Amino acid sequence: MNRSVQIIPPSLDSSRPASSLTVEPLFFGSSDWVPNNSKLPVLIYRHALEHEPDAARQFEASFGRHGWQGIWRDGVFDYHHYHTGAHEVLGIAAGRGRLMLGGPSGQEISVNAGDCLVLPAGTGHMRIDASRDFLVIGAYPPGQEADICTTAPSEAQRAKIEALARPRTDPLEGAGGSLPRFWNG
């Protein structure tokens, strides 16, 4: 059920023209001890920002403008983990990396500066390797807080993932963006 959609979004920065943005949805069922989210796909936005001298600031501004909160700068942990209390956006502000999504038997993906991922709650993720300058900007939808889970979920944690509200806005494109179309479609 993987499908790619070409979307021409409004520019993240109104001073530059809109770029072609490819959104790749990936679906994951349960994998080993990682619950993943069988109802909501991971969204991978290729080339969300192109040739931005300060991509970190651009991602932070876009996430904040569209109501995403708890904005942070760092990398991705080098161990499998998932969140039960929040969906998560990861903007790749610098460098390149290889990530494993979906848990130990999931799928390896490559990401580069300018790419962005939205991970639904329950989705396993970890860094396999990355360039020295790898920098990620992350955030969460309003009212959600990420926990860090590294073991199989309890029934209560599974219920929490299932009940978690879906964001009303895409962290890059706002209310009319790709996330509401893929997650509420």
# chains A, B, ... in the order shown; residues from 1 in each chain; ligands from 1
>>> closest_atom_pairs(of="segment 95-122 of chain A", to="segment 140-159 of chain A", cutoff="12 Å", atoms="only C-alpha atoms", output="JSON lines")
{"residue": "A:Gly103", "atom": "CA", "partner": "A:Thr150", "partner_atom": "CA", "distance": 10.1}
{"residue": "A:Pro104", "atom": "CA", "partner": "A:Thr150", "partner_atom": "CA", "distance": 11.5}
{"residue": "A:Leu117", "atom": "CA", "partner": "A:Tyr140", "partner_atom": "CA", "distance": 11.9}
{"residue": "A:Val118", "atom": "CA", "partner": "A:Tyr140", "partner_atom": "CA", "distance": 9.5}
{"residue": "A:Leu119", "atom": "CA", "partner": "A:Tyr140", "partner_atom": "CA", "distance": 9.9}
{"residue": "A:Pro120", "atom": "CA", "partner": "A:Tyr140", "partner_atom": "CA", "distance": 10.3}
{"residue": "A:Ala121", "atom": "CA", "partner": "A:Ala146", "partner_atom": "CA", "distance": 8.8}
{"residue": "A:Gly122", "atom": "CA", "partner": "A:Arg158", "partner_atom": "CA", "distance": 8.2}
>>> select_by_dssp(residues="segment 43-143 of chain A", states="strand (DSSP E or B)", output="number ranges by chain")
A: 43-46, 69-74, 81-82, 88-94, 96-101, 107-112, 116-119, 125-130, 135-140
>>> closest_residue(among="A:Gln69, A:Thr123, A:Ser178, A:Asn112", to="Ser38 of chain A", atoms="only C-alpha atoms")
A:Thr123
>>> closest_residue(among="A:Val111, A:His47, A:Trp68, A:Phe59", to="His87 of chain A", atoms="only C-alpha atoms")
A:Trp68
>>> atom_distance(atom1="atom CA of Asp115 of chain A", atom2="atom CA of Ala93 of chain A")
7.8 Å
>>> closest_residue(among="A:Gly114, A:His81, A:Glu162, A:Ile109", to="Trp33 of chain A", atoms="only C-alpha atoms")
A:His81
>>> closest_residue(among="A:Trp183, A:Ala139, A:Gly102, A:Thr169", to="Pro35 of chain A", atoms="only C-alpha atoms")
A:Gly102
>>> closest_residue(among="A:Val34, A:Leu99, A:Leu21, A:Leu40", to="Arg166 of chain A", atoms="only C-alpha atoms")
A:Leu40
>>> select_by_dssp(residues="segment 18-114 of chain A", states="helix (DSSP H, G or I)", output="PDB file with all heavy atoms, in the first residue's frame")
ATOM      1  N   ALA A  55      18.528  25.955   7.416  1.00  0.00           N
ATOM      2  CA  ALA A  55      17.383  25.048   7.406  1.00  0.00           C
ATOM      3  C   ALA A  55      16.827  24.830   8.806  1.00  0.00           C
ATOM      4  O   ALA A  55      15.614  24.684   8.975  1.00  0.00           O
ATOM      5  CB  ALA A  55      17.767  23.729   6.758  1.00  0.00           C
ATOM      6  N   ALA A  56      17.693  24.804   9.819  1.00  0.00           N
ATOM      7  CA  ALA A  56      17.212  24.596  11.184  1.00  0.00           C
ATOM      8  C   ALA A  56      16.211  25.675  11.560  1.00  0.00           C
ATOM      9  O   ALA A  56      15.114  25.376  12.064  1.00  0.00           O
ATOM     10  CB  ALA A  56      18.390  24.588  12.161  1.00  0.00           C
ATOM     11  N   ARG A  57      16.561  26.902  11.306  1.00  0.00           N
ATOM     12  CA  ARG A  57      15.654  28.012  11.636  1.00  0.00           C
ATOM     13  C   ARG A  57      14.378  27.952  10.800  1.00  0.00           C
ATOM     14  O   ARG A  57      13.287  28.244  11.288  1.00  0.00           O
ATOM     15  CB  ARG A  57      16.373  29.345  11.441  1.00  0.00           C
ATOM     16  CG  ARG A  57      15.660  30.462  12.166  1.00  0.00           C
ATOM     17  CD  ARG A  57      16.485  31.702  12.221  1.00  0.00           C
ATOM     18  NE  ARG A  57      17.682  31.435  13.028  1.00  0.00           N
ATOM     19  CZ  ARG A  57      18.707  32.245  13.131  1.00  0.00           C
ATOM     20  NH1 ARG A  57      18.708  33.396  12.489  1.00  0.00           N
ATOM     21  NH2 ARG A  57      19.740  31.941  13.869  1.00  0.00           N
ATOM     22  N   GLN A  58      14.499  27.538   9.539  1.00  0.00           N
ATOM     23  CA  GLN A  58      13.318  27.414   8.668  1.00  0.00           C
ATOM     24  C   GLN A  58      12.369  26.341   9.189  1.00  0.00           C
ATOM     25  O   GLN A  58      11.155  26.554   9.240  1.00  0.00           O
ATOM     26  CB  GLN A  58      13.746  27.088   7.234  1.00  0.00           C
ATOM     27  CG  GLN A  58      14.432  28.218   6.517  1.00  0.00           C
ATOM     28  CD  GLN A  58      13.475  29.338   6.178  1.00  0.00           C
ATOM     29  OE1 GLN A  58      12.271  29.129   6.030  1.00  0.00           O
ATOM     30  NE2 GLN A  58      13.998  30.542   6.062  1.00  0.00           N
ATOM     31  N   PHE A  59      12.918  25.176   9.566  1.00  0.00           N
ATOM     32  CA  PHE A  59      12.060  24.121  10.122  1.00  0.00           C
ATOM     33  C   PHE A  59      11.406  24.597  11.415  1.00  0.00           C
ATOM     34  O   PHE A  59      10.199  24.412  11.616  1.00  0.00           O
ATOM     35  CB  PHE A  59      12.855  22.839  10.378  1.00  0.00           C
ATOM     36  CG  PHE A  59      13.037  21.963   9.162  1.00  0.00           C
ATOM     37  CD1 PHE A  59      14.303  21.537   8.795  1.00  0.00           C
ATOM     38  CD2 PHE A  59      11.958  21.527   8.406  1.00  0.00           C
ATOM     39  CE1 PHE A  59      14.493  20.713   7.690  1.00  0.00           C
ATOM     40  CE2 PHE A  59      12.133  20.707   7.297  1.00  0.00           C
ATOM     41  CZ  PHE A  59      13.401  20.297   6.938  1.00  0.00           C
ATOM     42  N   GLU A  60      12.174  25.200  12.315  1.00  0.00           N
ATOM     43  CA  GLU A  60      11.614  25.696  13.574  1.00  0.00           C
ATOM     44  C   GLU A  60      10.483  26.686  13.330  1.00  0.00           C
ATOM     45  O   GLU A  60       9.434  26.610  13.974  1.00  0.00           O
ATOM     46  CB  GLU A  60      12.712  26.350  14.411  1.00  0.00           C
ATOM     47  CG  GLU A  60      13.709  25.362  14.969  1.00  0.00           C
ATOM     48  CD  GLU A  60      14.956  26.007  15.542  1.00  0.00           C
ATOM     49  OE1 GLU A  60      15.271  27.174  15.196  1.00  0.00           O
ATOM     50  OE2 GLU A  60      15.641  25.327  16.324  1.00  0.00           O
ATOM     51  N   ALA A  61      10.688  27.599  12.404  1.00  0.00           N
ATOM     52  CA  ALA A  61       9.666  28.600  12.106  1.00  0.00           C
ATOM     53  C   ALA A  61       8.405  27.947  11.542  1.00  0.00           C
ATOM     54  O   ALA A  61       7.284  28.287  11.939  1.00  0.00           O
ATOM     55  CB  ALA A  61      10.220  29.646  11.132  1.00  0.00           C
ATOM     56  N   SER A  62       8.581  27.012  10.628  1.00  0.00           N
ATOM     57  CA  SER A  62       7.428  26.349  10.026  1.00  0.00           C
ATOM     58  C   SER A  62       6.667  25.526  11.059  1.00  0.00           C
ATOM     59  O   SER A  62       5.438  25.618  11.144  1.00  0.00           O
ATOM     60  CB  SER A  62       7.883  25.444   8.876  1.00  0.00           C
ATOM     61  OG  SER A  62       6.768  24.787   8.313  1.00  0.00           O
ATOM     62  N   PHE A  63       7.374  24.734  11.852  1.00  0.00           N
ATOM     63  CA  PHE A  63       6.705  23.919  12.862  1.00  0.00           C
ATOM     64  C   PHE A  63       5.936  24.814  13.837  1.00  0.00           C
ATOM     65  O   PHE A  63       4.774  24.553  14.147  1.00  0.00           O
ATOM     66  CB  PHE A  63       7.699  23.049  13.627  1.00  0.00           C
ATOM     67  CG  PHE A  63       8.479  22.061  12.794  1.00  0.00           C
ATOM     68  CD1 PHE A  63       9.596  21.441  13.322  1.00  0.00           C
ATOM     69  CD2 PHE A  63       8.122  21.752  11.479  1.00  0.00           C
ATOM     70  CE1 PHE A  63      10.325  20.519  12.584  1.00  0.00           C
ATOM     71  CE2 PHE A  63       8.851  20.845  10.721  1.00  0.00           C
ATOM     72  CZ  PHE A  63       9.958  20.232  11.278  1.00  0.00           C
ATOM     73  N   GLY A  64       6.573  25.865  14.313  1.00  0.00           N
ATOM     74  CA  GLY A  64       5.922  26.786  15.239  1.00  0.00           C
ATOM     75  C   GLY A  64       4.733  27.496  14.623  1.00  0.00           C
ATOM     76  O   GLY A  64       3.680  27.634  15.253  1.00  0.00           O
ATOM     77  N   ARG A  65       4.879  27.935  13.390  1.00  0.00           N
ATOM     78  CA  ARG A  65       3.802  28.650  12.690  1.00  0.00           C
ATOM     79  C   ARG A  65       2.560  27.763  12.541  1.00  0.00           C
ATOM     80  O   ARG A  65       1.434  28.254  12.560  1.00  0.00           O
ATOM     81  CB  ARG A  65       4.302  29.110  11.320  1.00  0.00           C
ATOM     82  CG  ARG A  65       3.322  29.918  10.509  1.00  0.00           C
ATOM     83  CD  ARG A  65       3.923  30.567   9.258  1.00  0.00           C
ATOM     84  NE  ARG A  65       4.674  29.651   8.416  1.00  0.00           N
ATOM     85  CZ  ARG A  65       6.011  29.616   8.299  1.00  0.00           C
ATOM     86  NH1 ARG A  65       6.764  30.445   9.008  1.00  0.00           N
ATOM     87  NH2 ARG A  65       6.617  28.757   7.499  1.00  0.00           N
TER      88      ARG A  65
END
>>> closest_residue(among="A:Glu50, A:Gly85, A:Tyr45, A:Leu90", to="Ala165 of chain A", atoms="only C-alpha atoms")
A:Gly85
>>> atom_distance(atom1="atom CA of Pro167 of chain A", atom2="atom CA of Ala86 of chain A")
9.8 Å
>>> residues_around(residues="segment 70-74 of chain A", least_positions_apart="3", cutoff="6 Å", atoms="only C-alpha atoms", output="list of chain:residue names")
A:Leu135, A:Val136, A:Ile137, A:Gly138, A:Ala139
>>> residues_around(residues="Ala175 of chain A", least_positions_apart="2", cutoff="12 Å", atoms="only C-alpha atoms", output="list in words")
Pro9, Pro10, Arg65, His66, Gly67, Trp68, Pro167, Arg168, Thr169, Asp170, Pro171, Leu172, Glu173, Gly177, Ser178, Leu179, Pro180, Arg181 and Asn184 of chain A
